[in-house]
>>> print(open('run32.cif').read())   # mmCIF, N, CA and C atoms and all ligand atoms
data_data
loop_
_atom_site.label_atom_id
_atom_site.label_comp_id
_atom_site.auth_asym_id
_atom_site.auth_seq_id
_atom_site.Cartn_x
_atom_site.Cartn_y
_atom_site.Cartn_z
N MET A 1 0.84 -1.19 0.00
CA MET A 1 0.00 0.00 0.00
C MET A 1 0.88 1.24 0.00
N GLU A 2 0.58 2.16 -0.89
CA GLU A 2 1.38 3.38 -1.01
C GLU A 2 0.87 4.44 -0.03
N THR A 3 1.80 5.08 0.64
CA THR A 3 1.41 6.16 1.54
C THR A 3 1.46 7.49 0.79
N ASN A 4 0.70 8.43 1.24
CA ASN A 4 0.66 9.73 0.60
C ASN A 4 1.64 10.67 1.30
N PRO A 5 2.75 11.02 0.62
CA PRO A 5 3.75 11.87 1.27
C PRO A 5 3.41 13.34 1.27
N LEU A 6 2.31 13.71 0.62
CA LEU A 6 1.97 15.11 0.53
C LEU A 6 1.52 15.66 1.88
N PRO A 7 2.09 16.81 2.26
CA PRO A 7 1.66 17.45 3.51
C PRO A 7 0.35 18.22 3.29
N LEU A 8 -0.74 17.50 3.28
CA LEU A 8 -2.03 18.11 2.95
C LEU A 8 -2.35 19.29 3.86
N ASP A 9 -2.15 19.08 5.16
CA ASP A 9 -2.47 20.15 6.13
C ASP A 9 -1.64 21.40 5.86
N GLU A 10 -0.35 21.22 5.59
CA GLU A 10 0.54 22.37 5.37
C GLU A 10 0.12 23.13 4.11
N LEU A 11 -0.15 22.42 3.06
CA LEU A 11 -0.55 23.09 1.81
C LEU A 11 -1.87 23.83 1.98
N TYR A 12 -2.81 23.20 2.64
CA TYR A 12 -4.11 23.84 2.82
C TYR A 12 -3.98 25.07 3.71
N GLU A 13 -3.12 24.98 4.73
CA GLU A 13 -2.89 26.11 5.62
C GLU A 13 -2.22 27.27 4.87
N LYS A 14 -1.26 26.95 3.99
CA LYS A 14 -0.62 28.00 3.18
C LYS A 14 -1.65 28.69 2.29
N ALA A 15 -2.54 27.90 1.72
CA ALA A 15 -3.60 28.47 0.87
C ALA A 15 -4.51 29.37 1.71
N ARG A 16 -4.81 28.93 2.93
CA ARG A 16 -5.67 29.72 3.82
C ARG A 16 -4.99 31.05 4.17
N GLN A 17 -3.70 30.97 4.47
CA GLN A 17 -2.97 32.18 4.88
C GLN A 17 -2.90 33.20 3.75
N VAL A 18 -2.62 32.74 2.53
CA VAL A 18 -2.43 33.68 1.43
C VAL A 18 -3.75 34.28 0.96
N GLN A 19 -4.85 33.69 1.33
CA GLN A 19 -6.16 34.26 0.98
C GLN A 19 -6.25 35.71 1.45
N ALA A 20 -5.61 36.03 2.55
CA ALA A 20 -5.64 37.40 3.09
C ALA A 20 -5.06 38.41 2.11
N ASN A 21 -4.22 37.96 1.19
CA ASN A 21 -3.60 38.86 0.22
C ASN A 21 -4.40 39.00 -1.07
N ALA A 22 -5.50 38.29 -1.17
CA ALA A 22 -6.31 38.35 -2.39
C ALA A 22 -6.79 39.77 -2.65
N TYR A 23 -6.76 40.16 -3.91
CA TYR A 23 -7.26 41.46 -4.33
C TYR A 23 -8.48 41.20 -5.19
N ALA A 24 -9.64 41.30 -4.57
CA ALA A 24 -10.88 40.96 -5.27
C ALA A 24 -11.98 41.99 -4.98
N PRO A 25 -11.73 43.27 -5.34
CA PRO A 25 -12.72 44.30 -5.02
C PRO A 25 -13.99 44.21 -5.85
N TYR A 26 -13.98 43.47 -6.93
CA TYR A 26 -15.14 43.41 -7.82
C TYR A 26 -16.03 42.21 -7.53
N SER A 27 -15.43 41.06 -7.37
CA SER A 27 -16.23 39.86 -7.10
C SER A 27 -16.36 39.57 -5.61
N GLN A 28 -15.45 40.11 -4.82
CA GLN A 28 -15.38 39.80 -3.38
C GLN A 28 -15.07 38.33 -3.13
N ASP A 29 -14.71 37.60 -4.16
CA ASP A 29 -14.41 36.16 -4.04
C ASP A 29 -12.92 36.00 -3.79
N LYS A 30 -12.53 36.13 -2.55
CA LYS A 30 -11.11 36.05 -2.18
C LYS A 30 -10.70 34.60 -1.99
N VAL A 31 -9.71 34.21 -2.76
CA VAL A 31 -9.24 32.82 -2.76
C VAL A 31 -7.73 32.80 -2.61
N GLY A 32 -7.25 31.79 -1.92
CA GLY A 32 -5.82 31.53 -1.84
C GLY A 32 -5.53 30.13 -2.34
N ALA A 33 -4.34 29.93 -2.85
CA ALA A 33 -3.95 28.61 -3.35
C ALA A 33 -2.48 28.37 -3.05
N ALA A 34 -2.14 27.12 -2.91
CA ALA A 34 -0.75 26.74 -2.69
C ALA A 34 -0.45 25.50 -3.51
N VAL A 35 0.73 25.51 -4.14
CA VAL A 35 1.17 24.34 -4.89
C VAL A 35 2.46 23.82 -4.28
N MET A 36 2.64 22.52 -4.38
CA MET A 36 3.91 21.90 -3.99
C MET A 36 4.55 21.33 -5.24
N THR A 37 5.84 21.59 -5.39
CA THR A 37 6.56 21.07 -6.55
C THR A 37 7.31 19.80 -6.16
N LYS A 38 7.87 19.15 -7.16
CA LYS A 38 8.51 17.84 -6.98
C LYS A 38 9.61 17.89 -5.92
N ASP A 39 10.31 19.01 -5.83
CA ASP A 39 11.41 19.12 -4.86
C ASP A 39 10.93 19.55 -3.48
N GLY A 40 9.64 19.65 -3.28
CA GLY A 40 9.09 20.01 -1.97
C GLY A 40 8.87 21.49 -1.76
N SER A 41 9.21 22.30 -2.76
CA SER A 41 8.98 23.74 -2.63
C SER A 41 7.48 24.02 -2.66
N ILE A 42 7.10 25.07 -1.95
CA ILE A 42 5.70 25.49 -1.93
C ILE A 42 5.61 26.92 -2.45
N PHE A 43 4.67 27.13 -3.35
CA PHE A 43 4.41 28.46 -3.90
C PHE A 43 2.94 28.77 -3.68
N THR A 44 2.66 30.03 -3.43
CA THR A 44 1.29 30.42 -3.17
C THR A 44 0.81 31.44 -4.20
N GLY A 45 -0.48 31.63 -4.22
CA GLY A 45 -1.08 32.62 -5.10
C GLY A 45 -2.42 33.04 -4.53
N ALA A 46 -2.81 34.26 -4.85
CA ALA A 46 -4.10 34.78 -4.39
C ALA A 46 -4.81 35.41 -5.58
N THR A 47 -6.10 35.53 -5.46
CA THR A 47 -6.91 36.15 -6.50
C THR A 47 -6.39 37.56 -6.81
N VAL A 48 -6.31 37.88 -8.10
CA VAL A 48 -5.93 39.22 -8.54
C VAL A 48 -6.94 39.67 -9.59
N GLU A 49 -7.66 40.74 -9.27
CA GLU A 49 -8.66 41.27 -10.22
C GLU A 49 -8.27 42.69 -10.63
N THR A 50 -8.76 43.10 -11.79
CA THR A 50 -8.56 44.47 -12.23
C THR A 50 -9.89 45.05 -12.71
N ALA A 51 -9.91 46.36 -12.83
CA ALA A 51 -11.16 47.05 -13.15
C ALA A 51 -11.72 46.70 -14.52
N ASN A 52 -10.90 46.17 -15.40
CA ASN A 52 -11.39 45.77 -16.72
C ASN A 52 -11.93 44.35 -16.71
N TRP A 53 -12.17 43.82 -15.52
CA TRP A 53 -12.78 42.51 -15.32
C TRP A 53 -11.91 41.36 -15.80
N VAL A 54 -10.59 41.57 -15.74
CA VAL A 54 -9.68 40.46 -15.96
C VAL A 54 -9.35 39.89 -14.59
N PHE A 55 -9.70 38.65 -14.40
CA PHE A 55 -9.48 38.01 -13.12
C PHE A 55 -8.42 36.93 -13.27
N LEU A 56 -7.48 36.94 -12.34
CA LEU A 56 -6.52 35.85 -12.26
C LEU A 56 -6.90 35.03 -11.03
N CYS A 57 -7.21 33.79 -11.24
CA CYS A 57 -7.57 32.93 -10.13
C CYS A 57 -6.34 32.62 -9.28
N ALA A 58 -6.56 32.40 -8.01
CA ALA A 58 -5.48 32.09 -7.09
C ALA A 58 -4.70 30.85 -7.55
N GLU A 59 -5.41 29.86 -8.04
CA GLU A 59 -4.75 28.63 -8.49
C GLU A 59 -3.78 28.94 -9.64
N HIS A 60 -4.24 29.76 -10.55
CA HIS A 60 -3.40 30.10 -11.71
C HIS A 60 -2.19 30.92 -11.27
N VAL A 61 -2.39 31.83 -10.32
CA VAL A 61 -1.28 32.65 -9.82
C VAL A 61 -0.25 31.76 -9.11
N ALA A 62 -0.71 30.81 -8.32
CA ALA A 62 0.23 29.91 -7.61
C ALA A 62 1.04 29.09 -8.62
N ILE A 63 0.36 28.59 -9.64
CA ILE A 63 1.06 27.83 -10.69
C ILE A 63 2.06 28.73 -11.40
N ALA A 64 1.66 29.95 -11.73
CA ALA A 64 2.56 30.90 -12.41
C ALA A 64 3.77 31.22 -11.54
N ASN A 65 3.57 31.35 -10.25
CA ASN A 65 4.70 31.62 -9.36
C ASN A 65 5.69 30.47 -9.35
N ALA A 66 5.19 29.24 -9.33
CA ALA A 66 6.09 28.08 -9.36
C ALA A 66 6.85 28.01 -10.68
N VAL A 67 6.14 28.19 -11.76
CA VAL A 67 6.76 28.13 -13.09
C VAL A 67 7.77 29.27 -13.24
N SER A 68 7.42 30.45 -12.75
CA SER A 68 8.33 31.60 -12.84
C SER A 68 9.61 31.39 -12.04
N ALA A 69 9.53 30.57 -11.02
CA ALA A 69 10.71 30.26 -10.21
C ALA A 69 11.51 29.11 -10.81
N GLY A 70 11.10 28.65 -11.98
CA GLY A 70 11.80 27.56 -12.63
C GLY A 70 11.44 26.19 -12.10
N LYS A 71 10.29 26.10 -11.45
CA LYS A 71 9.87 24.82 -10.87
C LYS A 71 8.48 24.44 -11.37
N PRO A 72 8.42 23.97 -12.62
CA PRO A 72 7.12 23.62 -13.19
C PRO A 72 6.61 22.22 -12.82
N ASP A 73 7.42 21.46 -12.07
CA ASP A 73 7.03 20.09 -11.70
C ASP A 73 6.09 20.12 -10.51
N ILE A 74 4.86 20.46 -10.76
CA ILE A 74 3.87 20.64 -9.69
C ILE A 74 3.21 19.31 -9.36
N LEU A 75 3.24 18.96 -8.08
CA LEU A 75 2.67 17.70 -7.63
C LEU A 75 1.24 17.85 -7.14
N ALA A 76 0.99 18.94 -6.42
CA ALA A 76 -0.32 19.08 -5.77
C ALA A 76 -0.70 20.54 -5.65
N LEU A 77 -1.99 20.78 -5.52
CA LEU A 77 -2.51 22.13 -5.37
C LEU A 77 -3.65 22.11 -4.36
N ALA A 78 -3.59 23.07 -3.43
CA ALA A 78 -4.68 23.24 -2.46
C ALA A 78 -5.32 24.60 -2.69
N ARG A 79 -6.62 24.66 -2.49
CA ARG A 79 -7.37 25.91 -2.69
C ARG A 79 -8.18 26.20 -1.44
N TYR A 80 -8.16 27.51 -1.03
CA TYR A 80 -8.95 27.93 0.11
C TYR A 80 -9.69 29.22 -0.23
N PRO A 81 -10.97 29.32 0.03
CA PRO A 81 -11.83 28.29 0.59
C PRO A 81 -12.05 27.16 -0.41
N SER A 82 -12.42 26.05 0.13
CA SER A 82 -12.53 24.86 -0.68
C SER A 82 -13.66 24.95 -1.69
N ALA A 83 -13.30 24.80 -2.92
CA ALA A 83 -14.25 24.69 -4.03
C ALA A 83 -13.44 24.12 -5.18
N PHE A 84 -14.08 23.47 -6.07
CA PHE A 84 -13.34 22.93 -7.21
C PHE A 84 -12.94 24.07 -8.13
N PRO A 85 -11.76 23.95 -8.76
CA PRO A 85 -11.26 25.03 -9.61
C PRO A 85 -12.08 25.20 -10.88
N CYS A 86 -11.97 26.40 -11.46
CA CYS A 86 -12.68 26.69 -12.71
C CYS A 86 -12.00 25.94 -13.87
N GLY A 87 -12.62 25.98 -15.01
CA GLY A 87 -12.09 25.27 -16.16
C GLY A 87 -10.73 25.76 -16.61
N VAL A 88 -10.52 27.08 -16.56
CA VAL A 88 -9.23 27.63 -16.96
C VAL A 88 -8.12 27.11 -16.05
N CYS A 89 -8.40 27.08 -14.76
CA CYS A 89 -7.39 26.59 -13.81
C CYS A 89 -7.17 25.09 -13.98
N ARG A 90 -8.21 24.36 -14.24
CA ARG A 90 -8.04 22.92 -14.47
C ARG A 90 -7.12 22.68 -15.66
N GLN A 91 -7.28 23.51 -16.69
CA GLN A 91 -6.41 23.36 -17.86
C GLN A 91 -4.97 23.70 -17.50
N ALA A 92 -4.76 24.72 -16.68
CA ALA A 92 -3.40 25.07 -16.24
C ALA A 92 -2.81 23.95 -15.38
N MET A 93 -3.63 23.35 -14.54
CA MET A 93 -3.16 22.27 -13.68
C MET A 93 -2.71 21.07 -14.50
N VAL A 94 -3.52 20.68 -15.47
CA VAL A 94 -3.19 19.51 -16.28
C VAL A 94 -1.99 19.78 -17.20
N GLU A 95 -1.77 21.03 -17.53
CA GLU A 95 -0.62 21.40 -18.36
C GLU A 95 0.69 20.98 -17.70
N PHE A 96 0.75 21.15 -16.39
CA PHE A 96 2.01 20.90 -15.70
C PHE A 96 2.08 19.53 -15.02
N ASN A 97 0.95 18.87 -14.89
CA ASN A 97 0.97 17.50 -14.37
C ASN A 97 -0.41 16.89 -14.53
N HIS A 98 -0.52 15.97 -15.46
CA HIS A 98 -1.83 15.36 -15.64
C HIS A 98 -2.17 14.37 -14.52
N ASN A 99 -1.20 14.17 -13.60
CA ASN A 99 -1.46 13.37 -12.39
C ASN A 99 -1.50 14.24 -11.14
N LEU A 100 -1.64 15.55 -11.32
CA LEU A 100 -1.66 16.47 -10.19
C LEU A 100 -2.75 16.07 -9.20
N ILE A 101 -2.45 16.26 -7.92
CA ILE A 101 -3.41 15.98 -6.86
C ILE A 101 -4.03 17.29 -6.39
N PHE A 102 -5.34 17.36 -6.39
CA PHE A 102 -6.05 18.54 -5.90
C PHE A 102 -6.54 18.26 -4.49
N ILE A 103 -6.24 19.21 -3.60
CA ILE A 103 -6.58 19.06 -2.18
C ILE A 103 -7.76 19.96 -1.86
N PHE A 104 -8.74 19.40 -1.23
CA PHE A 104 -9.91 20.19 -0.84
C PHE A 104 -10.44 19.69 0.49
N GLU A 105 -11.29 20.51 1.10
CA GLU A 105 -11.87 20.17 2.39
C GLU A 105 -13.34 19.87 2.21
N ARG A 106 -13.78 18.81 2.83
CA ARG A 106 -15.21 18.48 2.80
C ARG A 106 -15.57 17.85 4.15
N ASP A 107 -16.62 18.35 4.72
CA ASP A 107 -17.08 17.85 6.01
C ASP A 107 -15.98 17.89 7.07
N GLY A 108 -15.16 18.96 7.00
CA GLY A 108 -14.13 19.15 8.01
C GLY A 108 -12.88 18.31 7.83
N LYS A 109 -12.79 17.58 6.73
CA LYS A 109 -11.61 16.75 6.49
C LYS A 109 -11.00 17.07 5.14
N LEU A 110 -9.67 17.05 5.11
CA LEU A 110 -8.99 17.26 3.83
C LEU A 110 -9.06 15.99 3.00
N GLN A 111 -9.35 16.19 1.72
CA GLN A 111 -9.46 15.07 0.80
C GLN A 111 -8.69 15.41 -0.47
N THR A 112 -8.47 14.43 -1.29
CA THR A 112 -7.76 14.65 -2.54
C THR A 112 -8.56 14.07 -3.69
N THR A 113 -8.30 14.65 -4.86
CA THR A 113 -8.86 14.09 -6.08
C THR A 113 -7.84 14.27 -7.19
N THR A 114 -8.10 13.65 -8.30
CA THR A 114 -7.13 13.63 -9.39
C THR A 114 -7.59 14.48 -10.57
N MET A 115 -6.66 14.75 -11.46
CA MET A 115 -7.02 15.48 -12.66
C MET A 115 -7.93 14.65 -13.56
N ASP A 116 -7.80 13.34 -13.50
CA ASP A 116 -8.72 12.51 -14.28
C ASP A 116 -10.17 12.74 -13.85
N ALA A 117 -10.35 12.99 -12.56
CA ALA A 117 -11.70 13.27 -12.06
C ALA A 117 -12.13 14.69 -12.39
N LEU A 118 -11.18 15.63 -12.31
CA LEU A 118 -11.52 17.05 -12.53
C LEU A 118 -11.62 17.43 -14.01
N LEU A 119 -10.82 16.77 -14.83
CA LEU A 119 -10.77 17.13 -16.25
C LEU A 119 -10.54 15.87 -17.08
N PRO A 120 -11.56 15.01 -17.14
CA PRO A 120 -11.40 13.76 -17.89
C PRO A 120 -11.22 14.02 -19.39
N SER A 121 -10.52 13.11 -20.02
CA SER A 121 -10.26 13.22 -21.46
C SER A 121 -9.67 14.58 -21.81
N SER A 122 -8.73 15.01 -20.98
CA SER A 122 -8.21 16.37 -21.12
C SER A 122 -7.33 16.55 -22.35
N PHE A 123 -7.24 17.79 -22.74
CA PHE A 123 -6.36 18.25 -23.81
C PHE A 123 -5.11 18.82 -23.15
N GLY A 124 -3.93 18.36 -23.57
CA GLY A 124 -2.72 18.85 -22.94
C GLY A 124 -1.56 18.82 -23.90
N PRO A 125 -0.35 19.01 -23.39
CA PRO A 125 0.82 19.04 -24.25
C PRO A 125 0.95 17.77 -25.11
N TRP A 126 0.49 16.65 -24.56
CA TRP A 126 0.55 15.39 -25.30
C TRP A 126 -0.36 15.39 -26.52
N SER A 127 -1.28 16.35 -26.57
CA SER A 127 -2.23 16.44 -27.68
C SER A 127 -1.65 17.21 -28.87
N ILE A 128 -0.50 17.86 -28.64
CA ILE A 128 0.12 18.67 -29.68
C ILE A 128 1.50 18.07 -29.97
N PRO A 129 1.65 17.41 -31.09
CA PRO A 129 2.92 16.72 -31.37
C PRO A 129 4.15 17.60 -31.25
N CYS A 130 4.08 18.85 -31.67
CA CYS A 130 5.27 19.71 -31.64
C CYS A 130 5.62 20.17 -30.24
N ALA A 131 4.75 19.96 -29.26
CA ALA A 131 5.01 20.44 -27.89
C ALA A 131 5.71 19.39 -27.04
N THR A 132 5.82 18.17 -27.53
CA THR A 132 6.40 17.11 -26.69
C THR A 132 7.81 16.76 -27.14
ZN ZN B 1 -9.74 29.49 -11.97
#
>>> encode(input="run32.cif", output="structure tokens")
Amino acid sequence: METNPLPLDELYEKARQVQANAYAPYSQDKVGAAVMTKDGSIFTGATVETANWVFLCAEHVAIANAVSAGKPDILALARYPSAFPCGVCRQAMVEFNHNLIFIFERDGKLQTTTMDALLPSSFGPWSIPCAT
């Protein structure tokens, strides 16, 4: 039986903490996210909105922060408050790991799900011959 080495509590707590930095004056939907990369690094992101109604989701910002740091090998992502990510974020998640683990809270307990569950039959780098 394989054990789960992911620090679910730590990632979810990082997502909760960074929610305070969310800039969401238009939707008021303040979200925080945290990703863990293959080497154990953690990157966070918060909602960023602008007056022209361009919204950057916290999940996408966290992924962008990891990639910008040269660490695109993302293993897991936690979102706070718990809700499943939007379609754009699901596409960003599958781009960097089609086996990415999504961490969420339900009934007071942290749980995980897979990209196969979140974005079945997904389109990704493997779908474009010149990208692989
Ligand atoms: Zn999103």
>>> residues_near_point(input="run32.cif", point="(5.5, 22.8, -9.4)", cutoff="6.5 Å", atoms="all atoms listed in the file", output="ChimeraX atom specification")
/A:35-38,66-67,71-75
>>> write_last_selection(input="run32.cif", atoms="N, CA and C atoms", output="PDB file, keeping the file's coordinate frame")
ATOM      1  N   VAL A  35       0.730  25.510  -4.140  1.00  0.00           N
ATOM      2  CA  VAL A  35       1.170  24.340  -4.890  1.00  0.00           C
ATOM      3  C   VAL A  35       2.460  23.820  -4.280  1.00  0.00           C
ATOM      4  N   MET A  36       2.640  22.520  -4.380  1.00  0.00           N
ATOM      5  CA  MET A  36       3.910  21.900  -3.990  1.00  0.00           C
ATOM      6  C   MET A  36       4.550  21.330  -5.240  1.00  0.00           C
ATOM      7  N   THR A  37       5.840  21.590  -5.390  1.00  0.00           N
ATOM      8  CA  THR A  37       6.560  21.070  -6.550  1.00  0.00           C
ATOM      9  C   THR A  37       7.310  19.800  -6.160  1.00  0.00           C
ATOM     10  N   LYS A  38       7.870  19.150  -7.160  1.00  0.00           N
ATOM     11  CA  LYS A  38       8.510  17.840  -6.980  1.00  0.00           C
ATOM     12  C   LYS A  38       9.610  17.890  -5.920  1.00  0.00           C
ATOM     13  N   ALA A  66       5.190  29.240  -9.330  1.00  0.00           N
ATOM     14  CA  ALA A  66       6.090  28.080  -9.360  1.00  0.00           C
ATOM     15  C   ALA A  66       6.850  28.010 -10.680  1.00  0.00           C
ATOM     16  N   VAL A  67       6.140  28.190 -11.760  1.00  0.00           N
ATOM     17  CA  VAL A  67       6.760  28.130 -13.090  1.00  0.00           C
ATOM     18  C   VAL A  67       7.770  29.270 -13.240  1.00  0.00           C
ATOM     19  N   LYS A  71      10.290  26.100 -11.450  1.00  0.00           N
ATOM     20  CA  LYS A  71       9.870  24.820 -10.870  1.00  0.00           C
ATOM     21  C   LYS A  71       8.480  24.440 -11.370  1.00  0.00           C
ATOM     22  N   PRO A  72       8.420  23.970 -12.620  1.00  0.00           N
ATOM     23  CA  PRO A  72       7.120  23.620 -13.190  1.00  0.00           C
ATOM     24  C   PRO A  72       6.610  22.220 -12.820  1.00  0.00           C
ATOM     25  N   ASP A  73       7.420  21.460 -12.070  1.00  0.00           N
ATOM     26  CA  ASP A  73       7.030  20.090 -11.700  1.00  0.00           C
ATOM     27  C   ASP A  73       6.090  20.120 -10.510  1.00  0.00           C
ATOM     28  N   ILE A  74       4.860  20.460 -10.760  1.00  0.00           N
ATOM     29  CA  ILE A  74       3.870  20.640  -9.690  1.00  0.00           C
ATOM     30  C   ILE A  74       3.210  19.310  -9.360  1.00  0.00           C
ATOM     31  N   LEU A  75       3.240  18.960  -8.080  1.00  0.00           N
ATOM     32  CA  LEU A  75       2.670  17.700  -7.630  1.00  0.00           C
ATOM     33  C   LEU A  75       1.240  17.850  -7.140  1.00  0.00           C
TER      34      LEU A  75
END
>>> select_by_dssp(input="run32.cif", residues="chain A", states="strand (DSSP E)", output="MDAnalysis selection string")
chainID A and resid 32:37 42:46 48:49 55:56 74:80 101:106 109:114
>>> closest_residue(input="run32.cif", among="A:Ser68, A:Thr47, A:Gln17, A:Gln91", to="Lys30 in chain A", atoms="only N, CA and C atoms")
A:Thr47
>>> closest_atom_pairs(input="run32.cif", of="range 93-128 of chain A", to="range 8-12 of chain A", cutoff="8 Å", atoms="all atoms listed in the file", output="JSON lines")
{"residue": "A:Ile103", "atom": "CA", "partner": "A:Leu8", "partner_atom": "CA", "distance": 6.9}
{"residue": "A:Phe104", "atom": "N", "partner": "A:Tyr12", "partner_atom": "CA", "distance": 7.6}
{"residue": "A:Leu110", "atom": "CA", "partner": "A:Leu8", "partner_atom": "C", "distance": 6.9}
{"residue": "A:Gln111", "atom": "N", "partner": "A:Leu8", "partner_atom": "CA", "distance": 7.7}
>>> atom_distance(input="run32.cif", atom1="atom N of Arg79 in chain A", atom2="CA of Gly45 in chain A")
10.0 Å
>>> closest_residue(input="run32.cif", among="A:Val61, A:Val94, A:Cys89, A:Ala51", to="ligand ZN 1 (chain B)", atoms="only C-alpha atoms and all ligand atoms")
A:Cys89
>>> closest_residue(input="run32.cif", among="A:Pro25, A:Gly40, A:Pro5, A:Gly87", to="ligand ZN 1 (chain B)", atoms="all atoms listed in the file")
A:Gly87
>>> build_atoms(input="run32.cif", residues="range 32-39 of chain A", atoms="all heavy atoms", output="PDB file, in the coordinates of the input")
ATOM      1  N   GLY A  32      -7.250  31.790  -1.920  1.00  0.00           N
ATOM      2  CA  GLY A  32      -5.820  31.530  -1.840  1.00  0.00           C
ATOM      3  C   GLY A  32      -5.530  30.130  -2.340  1.00  0.00           C
ATOM      4  O   GLY A  32      -6.400  29.251  -2.287  1.00  0.00           O
ATOM      5  N   ALA A  33      -4.340  29.930  -2.850  1.00  0.00           N
ATOM      6  CA  ALA A  33      -3.950  28.610  -3.350  1.00  0.00           C
ATOM      7  C   ALA A  33      -2.480  28.370  -3.050  1.00  0.00           C
ATOM      8  O   ALA A  33      -1.700  29.324  -2.925  1.00  0.00           O
ATOM      9  CB  ALA A  33      -4.209  28.493  -4.846  1.00  0.00           C
ATOM     10  N   ALA A  34      -2.140  27.120  -2.910  1.00  0.00           N
ATOM     11  CA  ALA A  34      -0.750  26.740  -2.690  1.00  0.00           C
ATOM     12  C   ALA A  34      -0.450  25.500  -3.510  1.00  0.00           C
ATOM     13  O   ALA A  34      -1.272  24.583  -3.585  1.00  0.00           O
ATOM     14  CB  ALA A  34      -0.490  26.464  -1.211  1.00  0.00           C
ATOM     15  N   VAL A  35       0.730  25.510  -4.140  1.00  0.00           N
ATOM     16  CA  VAL A  35       1.170  24.340  -4.890  1.00  0.00           C
ATOM     17  C   VAL A  35       2.460  23.820  -4.280  1.00  0.00           C
ATOM     18  O   VAL A  35       3.251  24.583  -3.726  1.00  0.00           O
ATOM     19  CB  VAL A  35       1.397  24.639  -6.392  1.00  0.00           C
ATOM     20  CG1 VAL A  35       0.102  25.074  -7.059  1.00  0.00           C
ATOM     21  CG2 VAL A  35       2.484  25.660  -6.604  1.00  0.00           C
ATOM     22  N   MET A  36       2.640  22.520  -4.380  1.00  0.00           N
ATOM     23  CA  MET A  36       3.910  21.900  -3.990  1.00  0.00           C
ATOM     24  C   MET A  36       4.550  21.330  -5.240  1.00  0.00           C
ATOM     25  O   MET A  36       3.869  20.674  -6.052  1.00  0.00           O
ATOM     26  CB  MET A  36       3.721  20.811  -2.954  1.00  0.00           C
ATOM     27  CG  MET A  36       5.020  20.052  -2.644  1.00  0.00           C
ATOM     28  SD  MET A  36       4.870  18.976  -1.241  1.00  0.00           S
ATOM     29  CE  MET A  36       5.235  20.173   0.049  1.00  0.00           C
ATOM     30  N   THR A  37       5.840  21.590  -5.390  1.00  0.00           N
ATOM     31  CA  THR A  37       6.560  21.070  -6.550  1.00  0.00           C
ATOM     32  C   THR A  37       7.310  19.800  -6.160  1.00  0.00           C
ATOM     33  O   THR A  37       7.400  19.434  -4.987  1.00  0.00           O
ATOM     34  CB  THR A  37       7.532  22.129  -7.112  1.00  0.00           C
ATOM     35  OG1 THR A  37       8.448  22.512  -6.097  1.00  0.00           O
ATOM     36  CG2 THR A  37       6.775  23.350  -7.604  1.00  0.00           C
ATOM     37  N   LYS A  38       7.870  19.150  -7.160  1.00  0.00           N
ATOM     38  CA  LYS A  38       8.510  17.840  -6.980  1.00  0.00           C
ATOM     39  C   LYS A  38       9.610  17.890  -5.920  1.00  0.00           C
ATOM     40  O   LYS A  38       9.828  16.922  -5.201  1.00  0.00           O
ATOM     41  CB  LYS A  38       9.074  17.384  -8.326  1.00  0.00           C
ATOM     42  CG  LYS A  38       9.509  15.956  -8.369  1.00  0.00           C
ATOM     43  CD  LYS A  38       9.900  15.596  -9.808  1.00  0.00           C
ATOM     44  CE  LYS A  38      10.325  14.143  -9.899  1.00  0.00           C
ATOM     45  NZ  LYS A  38      10.675  13.782 -11.291  1.00  0.00           N
ATOM     46  N   ASP A  39      10.310  19.010  -5.830  1.00  0.00           N
ATOM     47  CA  ASP A  39      11.410  19.120  -4.860  1.00  0.00           C
ATOM     48  C   ASP A  39      10.930  19.550  -3.480  1.00  0.00           C
ATOM     49  O   ASP A  39      11.737  19.807  -2.591  1.00  0.00           O
ATOM     50  CB  ASP A  39      12.492  20.070  -5.370  1.00  0.00           C
ATOM     51  CG  ASP A  39      12.036  21.526  -5.402  1.00  0.00           C
ATOM     52  OD1 ASP A  39      10.826  21.791  -5.182  1.00  0.00           O
ATOM     53  OD2 ASP A  39      12.888  22.392  -5.645  1.00  0.00           O
TER      54      ASP A  39
END
